[in-house]
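Enquirer: Quick one: structure below, then a few questions.
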Protein chains: 2
Amino acid sequence: MGTTKSELFSTKHNALAVAAKVLAHPARVAILEYISQQEACICNDLVDVIGLSQPTISQHLNEIKKIGLLHGNFEGKNLCYCINRERWEELKNSFQKFFDQIAQNCC
Amino acid sequence: MGTTKSELFSTKHNALAVAAKVLAHPARVAILEYISQQEACICNDLVDVIGLSQPTISQHLNEIKKIGLLHGNFEGKNLCYCINRERWEELKNSFQKFFDQIAQNCC
DNA sequence: TTACATTATCGTAATATTGCAATATAATAA
DNA sequence: TTATTATATTGCAATATTACGATAATGTAA
């Protein structure tokens with residue numbers, strides 16, 4: 001129990017759900033918005049900007065990383081988080097397609 | 001602990017997260033897709049189509065109802081679920097705006 | 001080297017979500 | 001009236017998520 005029965009659903013439906021899950025927390029929405037609007041890459045700042053503790057921010061960043069939305073230089077002296085634009089477009093299209101598929105005739 | 005600290009975030013960010021949460025389960029994605037593609041309104045069928053138990057489907061439908069995506073005739077002899085297209089467009093626009101706001105210059 | 005700053009991980013507590021059996025409710029059919 | 005059908009609600013068990021203190025790991029600066 002308690003576990004989502006992913007095996008019942010199509011790859012497409014599962015994938016959209018996984019993507020939506022990343023956006024299903026305001027901190028991750030705020031983090032993504034913040035990073036995506038920076039002209040240059042940012043590093044930390046998020047703890048101050050968001051207002052959650054550093055471990056919590058790190059955890060949220062990890063969720064965002066896991067679906068491939070973060071891109072950049074994670075090693076060396078310049079720590080840098082930025083959006084993987086290719087993946088961003090992919091997800092954008094997935095949501096767009098989902099919302100575009102409504103039928104014309106409904107009550 | 002365990003609770004999302006919504007008070008830290010803007011109304012907009014919280015609203016998008018709440019909407020995303022509804023799409024964050026493949027059953028709800030599948031239910032919405034199924035309903036939205038029906039020419040006429042459907043009633044039950046979902047238990048058969050989706051493959052989860054009736055109480056679980058009912059629970060998922062309730063989550064979808066709670067953000068206003070379901071519209072129709074819930075009383076009387078014709079039980080009928082269909083998409084509230086106005087709300088659907090609203091959410092579509094929210095996600096679109098979110099995904100459109102990425103900056104041009106990123107690493 | 002030591003000290004400092006930044007980020008990740010571990011461990012844990014609180015809460016939320018998922019799923020279903022059992023049951024209740026509501027409307028129609030016989 | 002008594003079935004029958006469709007949907008909702010209750011209660012509970014299993015699992016997932018959220019948050020953070022403590023600590024580890026990594027890199028830079030002195």
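Naming works like this for the structure tokens: A, B, ... for the chains as they're shown, residue 1 at the start of each chain, ligands 1 onward in shown order.
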Which residues are near stretch 9-26 of chain B? Cut-off 8 Å, only C-alpha atoms (C1' of nucleotides), ignore same chain within fewer than 4 positions. Put them as a list of chain:residue names.
Expert: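 Here the answer would be A:Thr4, A:Ser6, A:Phe9, A:His13, A:Asn14, A:Leu16, A:Ala17, A:Val18, A:Ala19, A:Ala20, A:Lys21, A:Leu23, A:Ala24, A:His25, A:Pro26, A:Ala27, A:Val29, A:Ala30, A:Ile50, B:Lys5, B:Ala30, B:Glu63, B:Ile64, B:Ile67, B:Leu91, B:Ser94, B:Phe95.
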Enquirer: Pull C-alpha atoms from the residues just selected and write them as a CSV table (one decimal), in the first residue's frame.
Expert:
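Writing done, so here's out13.csv:
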chain,number,residue,atom,x,y,z
A,4,THR,CA,1.7,4.6,-6.5
A,6,SER,CA,2.9,3.0,-11.7
A,9,PHE,CA,-0.2,3.5,-16.4
A,13,HIS,CA,1.3,9.4,-18.0
A,14,ASN,CA,4.0,8.3,-15.5
A,16,LEU,CA,4.1,13.7,-16.8
A,17,ALA,CA,3.2,12.8,-13.2
A,18,VAL,CA,6.9,12.6,-12.3
A,19,ALA,CA,7.5,16.0,-13.8
A,20,ALA,CA,4.5,17.5,-12.1
A,21,LYS,CA,5.7,16.1,-8.8
A,23,LEU,CA,6.5,21.4,-9.5
A,24,ALA,CA,4.2,20.2,-6.7
A,25,HIS,CA,6.1,22.1,-4.0
A,26,PRO,CA,6.2,25.9,-3.9
A,27,ALA,CA,9.9,25.9,-2.9
A,29,VAL,CA,8.7,26.4,-8.1
A,30,ALA,CA,10.4,29.3,-6.5
A,50,ILE,CA,13.7,31.0,-0.2
B,5,LYS,CA,5.8,25.9,4.7
B,30,ALA,CA,-5.0,9.4,-17.0
B,63,GLU,CA,-8.7,15.8,-5.7
B,64,ILE,CA,-9.5,16.9,-9.3
B,67,ILE,CA,-9.1,22.5,-7.8
B,91,LEU,CA,-4.2,26.1,-15.4
B,94,SER,CA,-0.3,29.1,-15.5
B,95,PHE,CA,2.0,26.4,-16.6
Enquirer: Residues of chain B within 7 Å of chain C, counting only C-alpha atoms (C1' of nucleotides) - could you list those as a list in words?
Expert: Met1, Gly2, Thr3, Ser53, Thr56 and Lys77 of chain B
Enquirer: Which distance in Å separates atom CA of A:Leu32 and atom CA of B:Leu61, to one decimal?
Expert: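 Computed distance, atom CA of A:Leu32 to atom CA of B:Leu61, equals 29.0 Å.
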Enquirer: May I ask for the distance between atom CA of B:Lys97 and atom CA of B:Gly68, given in Å to one decimal place?
Expert: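 Straight-line distance from atom CA of B:Lys97 to atom CA of B:Gly68 works out to 19.7 Å.
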Enquirer: Could you go through chain A and tell me which residues DSSP, when run on the backbone, assigns to alpha helix (DSSP H), listing them as a PyMOL selection string?
Expert: chain A and resi 11-23+26-37+46-50+54-66+85-100
Enquirer: At a cut-off of 9 Å, list the chain D residues touching chain A, using only C-alpha atoms (C1' of nucleotides), as a VMD selection string.
Expert: chain D and resid 13 to 16 18 to 20 27 to 28
Enquirer: Export, as an mmCIF file, in the first residue's frame, the selected residues with C-alpha atoms (C1' of nucleotides).
Expert:
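And here's selection27.cif as it stands now:
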data_model
loop_
_atom_site.group_PDB
_atom_site.id
_atom_site.type_symbol
_atom_site.label_atom_id
_atom_site.label_comp_id
_atom_site.auth_asym_id
_atom_site.auth_seq_id
_atom_site.Cartn_x
_atom_site.Cartn_y
_atom_site.Cartn_z
ATOM 1 C "C1'" DA D 13 -1.942 0.127 6.855
ATOM 2 C "C1'" DA D 14 2.006 1.054 3.981
ATOM 3 C "C1'" DT D 15 4.774 4.270 2.029
ATOM 4 C "C1'" DA D 16 6.359 8.973 0.656
ATOM 5 C "C1'" DT D 18 8.906 17.650 4.132
ATOM 6 C "C1'" DA D 19 11.927 19.811 7.236
ATOM 7 C "C1'" DC D 20 15.917 20.386 10.008
ATOM 8 C "C1'" DG D 27 37.214 23.556 -2.017
ATOM 9 C "C1'" DT D 28 39.376 28.152 -1.026
#
Enquirer: Mind pulling up the distance from atom CA of B:Asp100 to atom CA of A:Ile42?
Expert: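 Separation between atom CA of A:Ile42 and atom CA of B:Asp100: 19.6 Å.
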Enquirer: Do you know which residues are at most 9 Å from A:Trp88 counting only C-alpha atoms (C1' of nucleotides), after dropping those on the same chain fewer than 3 positions away, and could you put them as a list in words?
Expert: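 What passes the distance filter is Gly68, Leu69, Ile83, Asn84, Arg85, Leu91, Lys92 and Asn93 of chain A; Phe99 and Ile102 of chain B.
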Enquirer: Suppose we keep N, CA, C and O atoms; can you now write the selection as a JSON list (two decimals), in the first residue's frame?
Expert:
[["chain", "number", "residue", "atom", "x", "y", "z"],
["A", 68, "GLY", "N", 16.58, 16.05, -14.35],
["A", 68, "GLY", "CA", 17.45, 16.58, -15.39],
["A", 68, "GLY", "C", 17.26, 18.05, -15.70],
["A", 68, "GLY", "O", 17.68, 18.54, -16.74],
["A", 69, "LEU", "N", 16.63, 18.79, -14.80],
["A", 69, "LEU", "CA", 16.39, 20.20, -15.09],
["A", 69, "LEU", "C", 17.56, 21.11, -14.71],
["A", 69, "LEU", "O", 17.58, 22.27, -15.09],
["A", 83, "ILE", "N", 19.56, 26.22, -15.43],
["A", 83, "ILE", "CA", 18.55, 25.38, -16.04],
["A", 83, "ILE", "C", 19.09, 24.65, -17.27],
["A", 83, "ILE", "O", 19.75, 25.26, -18.11],
["A", 84, "ASN", "N", 18.79, 23.41, -17.37],
["A", 84, "ASN", "CA", 19.03, 22.65, -18.59],
["A", 84, "ASN", "C", 17.89, 22.98, -19.55],
["A", 84, "ASN", "O", 16.79, 22.45, -19.44],
["A", 85, "ARG", "N", 18.19, 23.87, -20.47],
["A", 85, "ARG", "CA", 17.12, 24.43, -21.31],
["A", 85, "ARG", "C", 16.46, 23.39, -22.20],
["A", 85, "ARG", "O", 15.28, 23.49, -22.51],
["A", 91, "LEU", "N", 9.84, 19.45, -21.00],
["A", 91, "LEU", "CA", 8.76, 19.44, -20.01],
["A", 91, "LEU", "C", 7.67, 20.44, -20.40],
["A", 91, "LEU", "O", 6.48, 20.15, -20.28],
["A", 92, "LYS", "N", 8.11, 21.59, -20.88],
["A", 92, "LYS", "CA", 7.15, 22.60, -21.35],
["A", 92, "LYS", "C", 6.22, 22.00, -22.40],
["A", 92, "LYS", "O", 4.99, 22.15, -22.33],
["A", 93, "ASN", "N", 6.81, 21.28, -23.34],
["A", 93, "ASN", "CA", 6.01, 20.66, -24.39],
["A", 93, "ASN", "C", 5.09, 19.57, -23.87],
["A", 93, "ASN", "O", 3.97, 19.42, -24.34],
["B", 99, "PHE", "N", 6.66, 28.24, -17.69],
["B", 99, "PHE", "CA", 7.71, 27.70, -18.55],
["B", 99, "PHE", "C", 8.25, 28.74, -19.54],
["B", 99, "PHE", "O", 9.31, 28.56, -20.12],
["B", 102, "ILE", "N", 11.83, 31.68, -18.62],
["B", 102, "ILE", "CA", 13.26, 31.43, -18.51],
["B", 102, "ILE", "C", 14.05, 32.55, -19.19],
["B", 102, "ILE", "O", 13.65, 33.08, -20.22]]
